[in-house]
Every structure is written in C-alpha cells, then in structure tokens.
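Structure below is coords-v1.csv: CSV, C-alpha atoms.
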chain,number,residue,atom,x,y,z
P,29,MET,CA,-22.4,22.8,9.6
P,30,HIS,CA,-18.9,23.3,8.0
P,31,GLU,CA,-17.7,26.2,10.0
P,32,HIS,CA,-14.6,24.2,11.0
P,33,TRP,CA,-13.9,21.6,8.4
P,34,ASN,CA,-10.9,19.9,6.8
P,35,LEU,CA,-10.3,18.6,3.3
P,36,VAL,CA,-8.5,15.3,2.6
P,37,ALA,CA,-7.5,14.0,-0.8
P,38,ASP,CA,-6.4,10.6,-2.1
P,39,ILE,CA,-4.8,11.3,-5.6
P,40,GLY,CA,-4.5,8.4,-8.0
P,41,GLY,CA,-3.1,8.4,-11.6
P,42,THR,CA,-6.7,8.5,-13.0
P,43,ASN,CA,-9.0,9.6,-10.3
P,44,THR,CA,-8.9,11.8,-7.2
P,45,ARG,CA,-11.1,11.3,-4.1
P,46,LEU,CA,-11.8,14.4,-2.0
P,47,GLY,CA,-13.2,13.9,1.5
P,48,VAL,CA,-15.0,16.5,3.6
P,49,ILE,CA,-14.1,16.1,7.3
P,50,SER,CA,-16.3,17.7,10.1
P,51,ASP,CA,-15.5,17.0,13.8
P,52,GLY,CA,-12.8,14.5,12.7
P,53,LYS,CA,-15.3,12.4,10.7
P,54,LEU,CA,-15.8,11.9,7.0
P,55,THR,CA,-19.1,13.5,6.0
P,56,ASP,CA,-18.9,13.6,2.2
P,57,LEU,CA,-16.7,11.9,-0.4
P,58,ARG,CA,-16.4,13.1,-4.0
P,59,LYS,CA,-14.6,11.6,-7.0
P,60,TYR,CA,-13.0,13.7,-9.8
P,61,PRO,CA,-10.7,12.8,-12.7
P,62,THR,CA,-7.1,13.7,-11.7
P,63,GLY,CA,-6.3,15.4,-15.0
P,64,SER,CA,-3.7,18.1,-15.3
P,65,LEU,CA,-2.5,20.3,-12.3
P,66,PRO,CA,-5.0,23.1,-13.1
P,67,GLU,CA,-7.8,20.6,-13.3
P,68,LEU,CA,-6.8,19.0,-10.0
P,69,LEU,CA,-6.6,22.4,-8.3
P,70,ASP,CA,-9.9,23.3,-9.8
P,71,ALA,CA,-11.5,20.3,-8.1
P,72,PHE,CA,-10.2,21.5,-4.7
P,73,HIS,CA,-11.4,25.0,-5.4
P,74,THR,CA,-14.9,23.9,-6.6
P,75,LEU,CA,-15.5,21.8,-3.4
P,76,ARG,CA,-14.3,24.7,-1.3
P,77,ASP,CA,-16.7,27.1,-3.1
P,78,GLU,CA,-19.6,24.6,-2.7
P,79,ILE,CA,-19.1,24.5,1.0
P,80,GLY,CA,-18.7,28.3,1.2
P,81,THR,CA,-15.9,28.6,3.7
P,82,ASP,CA,-12.1,27.9,3.7
P,83,PRO,CA,-11.1,24.5,5.2
P,84,ARG,CA,-8.9,24.8,8.2
P,85,ALA,CA,-6.5,22.2,6.8
P,86,VAL,CA,-5.9,20.2,3.6
P,87,VAL,CA,-4.0,16.9,3.4
P,88,ALA,CA,-3.3,15.5,0.0
P,89,ALA,CA,-1.9,11.9,-0.3
P,90,GLY,CA,-0.5,10.4,-3.5
P,91,ALA,CA,2.0,8.0,-4.9
P,92,GLY,CA,5.4,9.7,-5.2
P,93,PRO,CA,8.3,11.3,-3.4
P,94,VAL,CA,7.8,14.4,-1.2
P,95,LYS,CA,10.4,17.1,-1.0
P,96,ASP,CA,10.3,20.7,0.3
P,97,GLY,CA,6.5,20.7,0.5
P,98,THR,CA,5.9,19.3,-3.0
P,99,ILE,CA,4.9,15.8,-4.1
P,100,ARG,CA,5.9,14.4,-7.4
P,101,LEU,CA,2.8,12.4,-8.3
P,102,THR,CA,4.5,9.7,-10.4
P,103,ASN,CA,1.3,8.0,-11.7
P,104,ALA,CA,-0.4,11.3,-12.7
P,105,GLN,CA,3.0,12.8,-13.8
P,106,LEU,CA,2.6,16.2,-12.1
P,107,ASP,CA,4.0,18.1,-9.2
P,108,LEU,CA,1.6,19.3,-6.5
P,109,SER,CA,2.8,21.8,-3.8
P,110,GLU,CA,1.4,22.8,-0.5
P,111,ALA,CA,1.5,26.4,-1.7
P,112,ASP,CA,-0.7,25.5,-4.7
P,113,ILE,CA,-3.3,23.8,-2.5
P,114,GLY,CA,-3.3,26.8,-0.1
P,115,LYS,CA,-4.1,29.2,-3.0
P,116,ALA,CA,-6.8,26.9,-4.4
P,117,THR,CA,-8.6,26.4,-1.0
P,118,GLY,CA,-7.6,29.3,1.3
P,119,ALA,CA,-6.6,26.7,4.0
P,120,GLN,CA,-4.3,27.9,6.8
P,121,HIS,CA,-2.5,24.5,7.0
P,122,THR,CA,-1.6,22.3,3.9
P,123,PHE,CA,0.3,19.1,3.8
P,124,VAL,CA,1.3,16.7,0.9
P,125,ILE,CA,2.1,13.2,2.0
P,126,ASN,CA,3.2,9.9,0.3
P,127,ASP,CA,0.4,7.4,-0.2
P,128,PHE,CA,2.1,4.9,2.1
P,129,THR,CA,2.5,7.5,4.8
P,130,ALA,CA,-1.3,7.7,4.5
P,131,ALA,CA,-1.6,3.9,4.4
P,132,ALA,CA,0.4,3.7,7.6
P,133,TRP,CA,-1.8,6.4,9.3
P,134,SER,CA,-4.9,4.4,8.1
P,135,VAL,CA,-4.3,1.9,10.9
P,136,ALA,CA,-3.7,4.4,13.7
P,137,GLU,CA,-7.3,4.1,15.0
P,138,ILE,CA,-8.1,0.6,13.6
P,139,THR,CA,-10.3,-1.7,15.6
P,140,GLY,CA,-11.2,-5.4,15.6
P,141,ASP,CA,-14.2,-4.6,13.5
P,142,ASP,CA,-12.0,-3.3,10.7
P,143,VAL,CA,-9.7,-6.4,10.3
P,144,GLU,CA,-9.7,-10.1,9.4
P,145,VAL,CA,-7.4,-11.8,11.9
P,146,LEU,CA,-4.8,-14.1,10.3
P,147,GLN,CA,-3.0,-14.7,13.5
P,148,GLY,CA,-2.8,-13.1,17.0
P,149,ALA,CA,-5.1,-10.8,19.0
P,150,ALA,CA,-8.7,-10.2,17.9
P,151,THR,CA,-8.2,-6.5,18.4
P,152,PRO,CA,-4.9,-4.9,17.2
P,153,PRO,CA,-3.0,-3.7,20.4
P,154,THR,CA,-1.5,-0.3,20.7
P,155,GLY,CA,2.1,-0.2,19.4
P,156,THR,CA,4.3,0.2,16.3
P,157,ARG,CA,2.4,-1.0,13.2
P,158,LEU,CA,3.6,-2.2,9.8
P,159,VAL,CA,1.4,-1.8,6.7
P,160,VAL,CA,2.1,-3.6,3.4
P,161,GLY,CA,0.0,-3.1,0.3
P,162,PRO,CA,0.6,-5.0,-3.0
P,163,GLY,CA,-1.2,-2.7,-5.4
P,164,THR,CA,0.1,-1.3,-8.7
P,165,GLY,CA,3.5,-1.4,-6.9
P,166,LEU,CA,4.5,-2.8,-3.5
P,167,GLY,CA,3.9,-0.2,-0.8
P,168,VAL,CA,5.3,-0.4,2.7
P,169,GLY,CA,4.4,2.0,5.5
P,170,SER,CA,5.6,2.2,9.2
P,171,LEU,CA,3.6,3.7,12.0
P,172,LEU,CA,6.0,4.0,14.9
P,173,TYR,CA,4.6,4.3,18.4
P,174,SER,CA,6.8,6.4,20.8
P,175,GLU,CA,6.1,8.5,23.8
P,176,GLY,CA,2.4,7.9,23.7
P,177,ARG,CA,1.8,8.8,20.1
P,178,TYR,CA,2.3,7.7,16.5
P,179,HIS,CA,4.8,8.9,14.0
P,180,THR,CA,5.4,7.7,10.4
P,181,ALA,CA,8.6,6.7,8.8
P,182,SER,CA,8.6,6.6,5.0
P,183,GLY,CA,10.8,4.2,3.0
P,184,GLU,CA,10.9,2.1,-0.2
P,185,GLY,CA,10.0,-1.4,1.1
P,186,GLY,CA,9.1,-2.6,-2.3
P,187,HIS,CA,12.6,-2.3,-3.5
P,188,ILE,CA,14.3,-4.7,-1.1
P,189,GLY,CA,15.8,-7.8,-2.6
P,190,LEU,CA,13.8,-11.0,-3.5
P,191,SER,CA,15.6,-14.3,-4.2
P,192,PRO,CA,14.6,-17.9,-4.8
P,193,ARG,CA,13.2,-19.8,-1.8
P,194,HIS,CA,13.5,-23.2,-3.4
P,195,VAL,CA,15.7,-24.9,-6.0
P,196,ASP,CA,12.7,-25.1,-8.5
P,197,GLU,CA,12.4,-21.2,-8.4
P,198,VAL,CA,16.0,-20.7,-9.5
P,199,GLU,CA,15.1,-21.1,-13.2
P,200,ILE,CA,12.2,-18.7,-12.8
P,201,PHE,CA,14.5,-16.0,-11.4
P,202,ARG,CA,17.0,-16.6,-14.2
P,203,ALA,CA,14.2,-16.3,-16.8
P,204,ALA,CA,13.1,-13.0,-15.2
P,205,ARG,CA,16.4,-11.5,-16.4
P,206,HIS,CA,15.0,-11.7,-19.9
P,207,VAL,CA,11.8,-9.9,-18.8
P,208,ALA,CA,13.0,-7.2,-16.3
P,209,PRO,CA,16.9,-7.1,-16.6
P,210,ASP,CA,17.2,-3.6,-15.0
P,211,CYS,CA,15.6,-4.7,-11.8
P,212,PHE,CA,18.3,-7.2,-10.7
P,213,PHE,CA,20.9,-6.5,-8.0
P,214,ASP,CA,24.2,-6.7,-10.1
P,215,ASP,CA,24.9,-10.1,-11.4
P,216,THR,CA,23.0,-12.0,-8.7
P,217,LEU,CA,19.6,-13.8,-8.8
P,218,VAL,CA,18.3,-11.1,-6.5
P,219,LEU,CA,15.4,-9.0,-7.9
P,220,GLU,CA,13.5,-6.0,-6.6
P,221,ALA,CA,10.6,-7.3,-4.6
P,222,GLU,CA,8.1,-5.1,-6.5
P,223,MET,CA,9.0,-6.8,-9.8
P,224,PHE,CA,7.1,-10.0,-8.7
P,225,LEU,CA,4.9,-8.8,-5.7
P,226,SER,CA,2.6,-6.3,-7.2
P,227,GLY,CA,0.0,-5.7,-9.9
P,228,THR,CA,2.8,-4.6,-12.2
P,229,GLY,CA,5.1,-7.5,-11.0
P,230,LEU,CA,2.7,-10.4,-11.2
P,231,PRO,CA,2.7,-10.4,-15.1
P,232,ILE,CA,6.5,-10.4,-15.0
P,233,LEU,CA,6.5,-13.4,-12.6
P,234,TYR,CA,3.9,-15.2,-14.8
P,235,ARG,CA,6.1,-14.7,-18.0
P,236,ALA,CA,9.2,-15.8,-16.2
P,237,ALA,CA,7.4,-18.9,-14.8
P,238,GLY,CA,6.3,-19.7,-18.4
P,239,LEU,CA,9.8,-19.3,-19.8
P,240,ALA,CA,11.2,-21.5,-17.1
P,241,ALA,CA,8.6,-24.1,-18.0
P,242,GLY,CA,9.7,-24.1,-21.6
P,243,GLN,CA,7.0,-21.9,-23.1
P,244,ALA,CA,8.7,-19.7,-25.7
P,245,ASP,CA,5.9,-17.2,-26.0
P,246,THR,CA,4.1,-16.9,-22.7
P,247,PRO,CA,1.4,-14.2,-23.2
P,248,VAL,CA,1.5,-10.9,-21.4
P,249,ARG,CA,-1.6,-11.1,-19.1
P,250,SER,CA,-3.0,-8.9,-16.4
P,251,ALA,CA,-2.6,-9.6,-12.7
P,252,LYS,CA,-6.4,-10.0,-12.4
P,253,ASP,CA,-6.5,-12.6,-15.1
P,254,ILE,CA,-3.6,-14.5,-13.7
P,255,LEU,CA,-5.1,-14.7,-10.2
P,256,GLU,CA,-8.5,-15.7,-11.6
P,257,ASP,CA,-7.0,-18.6,-13.5
P,258,ALA,CA,-4.9,-19.6,-10.5
P,259,ARG,CA,-8.0,-19.7,-8.3
P,260,ALA,CA,-9.9,-21.8,-10.9
P,261,GLN,CA,-6.9,-24.1,-11.2
P,262,SER,CA,-7.2,-23.8,-15.0
P,263,ASP,CA,-3.6,-22.7,-15.7
P,264,PRO,CA,-0.6,-24.4,-14.0
P,265,ILE,CA,1.7,-21.4,-14.8
P,266,ALA,CA,-0.8,-19.1,-13.1
P,267,GLU,CA,-1.0,-21.4,-10.1
P,268,LYS,CA,2.8,-21.4,-9.8
P,269,ALA,CA,2.9,-17.6,-10.1
P,270,ALA,CA,0.2,-17.2,-7.4
P,271,HIS,CA,1.9,-19.6,-5.0
P,272,MET,CA,5.2,-17.7,-5.4
P,273,PHE,CA,3.4,-14.4,-5.0
P,274,THR,CA,1.8,-15.3,-1.7
P,275,THR,CA,4.8,-17.1,-0.2
P,276,HIS,CA,7.3,-14.5,-1.1
P,277,LEU,CA,5.0,-11.7,0.1
P,278,GLY,CA,4.5,-13.5,3.4
P,279,ALA,CA,8.3,-14.0,3.8
P,280,VAL,CA,9.1,-10.3,2.9
P,281,MET,CA,6.4,-9.2,5.5
P,282,GLY,CA,7.9,-11.5,8.1
P,283,ASP,CA,11.4,-10.1,7.4
P,284,LEU,CA,10.2,-6.5,7.6
P,285,ALA,CA,8.4,-7.3,10.9
P,286,VAL,CA,11.6,-8.7,12.5
P,287,VAL,CA,13.3,-5.4,11.6
P,288,LEU,CA,10.6,-3.1,12.8
P,289,MET,CA,9.1,-5.2,15.7
P,290,PRO,CA,5.5,-4.0,15.1
P,291,MET,CA,3.8,-5.3,18.3
P,292,GLY,CA,0.8,-3.3,17.3
P,293,GLY,CA,0.3,-5.5,14.2
P,294,VAL,CA,1.2,-6.2,10.7
P,295,PHE,CA,-1.5,-5.2,8.2
P,296,LEU,CA,-2.2,-6.1,4.6
P,297,VAL,CA,-4.0,-3.2,2.9
P,298,GLY,CA,-5.5,-2.4,-0.5
P,299,GLY,CA,-7.5,-4.0,-3.3
P,300,VAL,CA,-5.4,-7.0,-4.0
P,301,ALA,CA,-5.7,-8.2,-0.4
P,302,GLU,CA,-9.4,-7.3,-0.2
P,303,LYS,CA,-10.4,-9.0,-3.5
P,304,ASN,CA,-8.2,-12.1,-3.2
P,305,ARG,CA,-8.6,-13.4,0.4
P,306,TRP,CA,-8.0,-16.9,-0.9
P,307,LEU,CA,-4.3,-16.1,-1.4
P,308,PHE,CA,-3.7,-15.2,2.2
P,309,LYS,CA,-4.3,-18.6,4.0
P,310,ASP,CA,-1.9,-21.2,5.4
P,311,ALA,CA,0.9,-20.9,2.8
P,312,PHE,CA,1.1,-17.2,3.3
P,313,ARG,CA,1.1,-17.4,7.1
P,314,ASP,CA,3.6,-20.3,7.0
P,315,ALA,CA,6.0,-18.2,4.9
P,316,PHE,CA,5.5,-15.2,7.2
P,317,ASN,CA,6.4,-17.3,10.3
P,318,ALA,CA,9.3,-19.2,8.7
P,319,GLY,CA,12.2,-17.2,10.4
P,320,GLY,CA,14.8,-19.8,11.4
P,321,ARG,CA,15.7,-19.1,15.0
P,322,PHE,CA,13.2,-16.2,15.0
P,323,SER,CA,10.2,-18.3,13.9
P,324,GLU,CA,8.7,-18.2,17.4
P,325,LEU,CA,9.0,-14.4,17.4
P,326,ARG,CA,7.3,-14.2,14.0
P,327,ARG,CA,4.5,-16.6,15.2
P,328,SER,CA,3.9,-14.2,18.2
P,329,MET,CA,3.2,-11.2,15.8
P,330,ASN,CA,-0.3,-10.0,15.2
P,331,LEU,CA,-1.2,-10.4,11.5
P,332,TYR,CA,-4.2,-8.9,9.9
P,333,VAL,CA,-6.0,-8.0,6.6
P,334,SER,CA,-7.4,-4.4,6.9
P,335,GLU,CA,-11.0,-4.2,5.8
P,336,GLN,CA,-11.3,-0.4,5.8
P,337,ASP,CA,-12.8,1.2,2.7
P,338,GLU,CA,-11.0,4.2,1.4
P,339,PHE,CA,-7.9,3.6,3.5
P,340,GLY,CA,-6.1,6.5,1.7
P,341,ILE,CA,-8.8,8.9,2.9
P,342,VAL,CA,-8.9,7.4,6.4
P,343,GLY,CA,-5.1,7.7,6.6
P,344,ALA,CA,-5.0,11.3,5.4
P,345,ASN,CA,-7.7,12.2,8.0
P,346,ASN,CA,-5.7,10.5,10.8
P,347,PHE,CA,-2.5,12.3,9.7
P,348,CYS,CA,-4.5,15.6,9.6
P,349,LYS,CA,-5.8,15.1,13.2
P,350,SER,CA,-2.2,14.3,14.4
P,351,ALA,CA,-0.6,17.3,12.6
P,352,LEU,CA,-3.2,19.8,13.9
P,353,ALA,CA,-2.8,18.4,17.4
P,354,ARG,CA,0.9,19.1,17.3
Since I need it in another form, could you write the structure as structure tokens?
Amino acid sequence: MHEHWNLVADIGGTNTRLGVISDGKLTDLRKYPTGSLPELLDAFHTLRDEIGTDPRAVVAAGAGPVKDGTIRLTNAQLDLSEADIGKATGAQHTFVINDFTAAAWSVAEITGDDVEVLQGAATPPTGTRLVVGPGTGLGVGSLLYSEGRYHTASGEGGHIGLSPRHVDEVEIFRAARHVAPDCFFDDTLVLEAEMFLSGTGLPILYRAAGLAAGQADTPVRSAKDILEDARAQSDPIAEKAAHMFTTHLGAVMGDLAVVLMPMGGVFLVGGVAEKNRWLFKDAFRDAFNAGGRFSELRRSMNLYVSEQDEFGIVGANNFCKSALAR
C-alpha cells in the first residue's frame, strides 16, 4: 500500500501533525508533541518504521525563516534541517518550508466546495492567489500563477504599517505606544500590522482602546475572550477592538490585493477566520473594497474564507507534488 509514499509535516510550537500521503492523497494523520529536536526527529523516524519503507519525499512546514535548507522554528525554538529529516526518514527528497508558503500552497487546488464566498465567483478561478491568516501572528502568503503553473513568494506581510483610519482611532494608536513601543515606525502613529491584527495583537489593541477610553488599568485578556465579549455586546471596549480588527484587516488585505493583483482570489485562512465568521461580514468587505480611485478594482476581486481542515498539511502536500513534478 505504501510502496511509494510521501510524508508531510505541519510543525507548531506545541504539537506537530504528520500526514501520510499515498497517490497524492492524505491517508493517515498523526499528532505528536513537538518537543526538542531529537523528539521531533524521533516522531518522523517512528512513523517511517511503522510503515516499513522510506518515504520518497518529506516536506516539513513551520513558522520561521528558512535559510540554506534549515528552518528556524521560532515557536518551538529549534532549528530543523533537510539533512536531519533525510537521516531520520531515509527520504530521497526533503524540503523545509515556511508555514505561509504552505498556507499559500493550500489554495492551489481549492474548489468552490472548500470556501465561503464573501464576494465574486462561486468557484475560485485559476490565477495568482493571496492568502492571509490572522492566527498567533499575521501570516501572508502569495501563490503566483505564471507560465501555466504556481510558484510561491514568501514575505512578511504582517509587518507592513497600520495607521488610524478615523480621527477617533488616533488616541488608540497613541495609547498603543505605552503597550508596544518597539513596534512603531519611528516617531509616527504607524504600527506593525501584526501588533493589532493577530491573536497576539488583539490583546494589545484591547488594552490601547481601554487606555484611550480613560481606563487606567484595562486587564490583559486573551483574543478569544475579547471576541466572545464583542460578539455578546457585553463590553464596549471589546466591541471597539473587534470592529477595528475587522476593518483594518479588510483594508490591509485590499491594499495587498492591489499590489499583487490576485485574480485567482483572496483567501482568509486559519482558526480565527473559521471560528469567528461573524467578524467577516459587511464592515470587513466594505473596508476591503474602500480603495479610492481603485475601489471598483477591489470590488471586482474574488474574496473567500477557506474552509479547508488542516490547511498546513494540504499546503505541504501541494508543495510536495509541485516540487516532485519539477
């Protein structure tokens, strides 16, 4: 059954998922604690021994920069190399990729069954695609369509500048200097986007909104709690934070879309989008489309929420297929 098989990994700070791929399809998915480097490599080796043959290829995706065949897994605080994976599994081909390279690849074969349509075509058309995922950080991936096939371009989309959209937001950005002073662009009111638009950032935004509203001791709260209170309309500061989160995220995605021209679609991916659909309604879409003289262009873009489970595994598999085909 597994004479020719590939192994794909989605490595998080706490847990690692390993997927067994036969004939291009996921046939088994296992979860292991990420642990130390020896423990992580032992998980690869254990699965290889269980199947009894070497995988043809291994693709490991994780959060962190990739250089010279090694990924620095920032959440797990370890370095994983393609050579290490080769020794642990006996695979001929090994690849380490950034998690948002994998996220971009996750939409390479996406269909209308895998998305909620926010605007545009019911089925994502072929073409360059943009993927944005507000998770622990703010991930951005680009799947470029050229000469009949897809390629990825990695960047740090979460670190572009964010500035007030309305006068009443100025005090909130000012207050954020007391919460995250290192994340501002010089002496401006411009802040790294990730510092408001992520699971890590939403608590910063909440505290800044509280300070701006005159609360001297706004509590430190989790993104999940803030969004739950905003949805229940039980905390005006949480409601303000959630509204700023969704409108600024929509605007950033619209700006990135104008740069990239992703006629194949713009996709929200990950748990925040999946679990908080209520955030991504009219205000989000209006902010995405508000582009001055380019508003009509933005309204013509296809905008989706990806509903794929295990998008990191799906993306690593699609990357693997493309890499082996080359």
Could you produce a table of the residues of stretch 87-174 of chain P lying within 10 Å of stretch 41-50 of chain P, with the nearest pair of atoms per residue and their separation in Å rounded to one decimal, using all atoms listed in the file, ordered by chain and increasing residue number, as JSON lines?
{"residue": "P:Val87", "atom": "CA", "partner": "P:Leu46", "partner_atom": "CA", "distance": 9.8}
{"residue": "P:Ala88", "atom": "CA", "partner": "P:Leu46", "partner_atom": "CA", "distance": 8.8}
{"residue": "P:Ala89", "atom": "CA", "partner": "P:Thr44", "partner_atom": "CA", "distance": 9.8}
{"residue": "P:Gly90", "atom": "CA", "partner": "P:Gly41", "partner_atom": "CA", "distance": 8.7}
{"residue": "P:Ala91", "atom": "CA", "partner": "P:Gly41", "partner_atom": "CA", "distance": 8.4}
{"residue": "P:Leu101", "atom": "CA", "partner": "P:Gly41", "partner_atom": "CA", "distance": 7.9}
{"residue": "P:Thr102", "atom": "CA", "partner": "P:Gly41", "partner_atom": "CA", "distance": 7.8}
{"residue": "P:Asn103", "atom": "CA", "partner": "P:Gly41", "partner_atom": "CA", "distance": 4.4}
{"residue": "P:Ala104", "atom": "CA", "partner": "P:Gly41", "partner_atom": "CA", "distance": 4.1}
{"residue": "P:Gln105", "atom": "CA", "partner": "P:Gly41", "partner_atom": "CA", "distance": 7.8}
{"residue": "P:Leu106", "atom": "CA", "partner": "P:Gly41", "partner_atom": "CA", "distance": 9.7}
Just to confirm, what's the straight-line distance from atom CA of P:Arg100 to atom CA of P:Val86 in Å (one decimal)?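 Between these atoms lies a distance of 17.1 Å.
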My list of candidates is P:Leu158, P:Cys348, P:Leu284, P:Ala240. Which is closest to P:Gly189 when distances are computed with only C-alpha atoms?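 Smallest distance to P:Gly189 is found for P:Leu284.
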Tell me which of P:Asp196, P:Asp142, P:Asp214, P:Asp245 sits closest to P:Phe295, counting all atoms listed in the file.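 Under the stated criterion, the closest residue is P:Asp142.
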Restricting the calculation to only C-alpha atoms, which member of P:Leu171, P:Leu69, P:Ala353, P:Ala132 is positioned closest to P:Gly118?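 Once distances to P:Gly118 are computed over only C-alpha atoms, the minimum belongs to P:Leu69.
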Please indicate the distance in Å from atom CA of P:Arg84 to atom CA of P:Ile39, rounded to one decimal place.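 Atom CA of P:Ile39 lies 19.7 Å from atom CA of P:Arg84.
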Please indicate the distance in Å from atom CA of P:Phe72 to atom CA of P:Ala131, rounded to one decimal place.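 Computing the Euclidean distance for atom CA of P:Phe72 and atom CA of P:Ala131 yields 21.6 Å.
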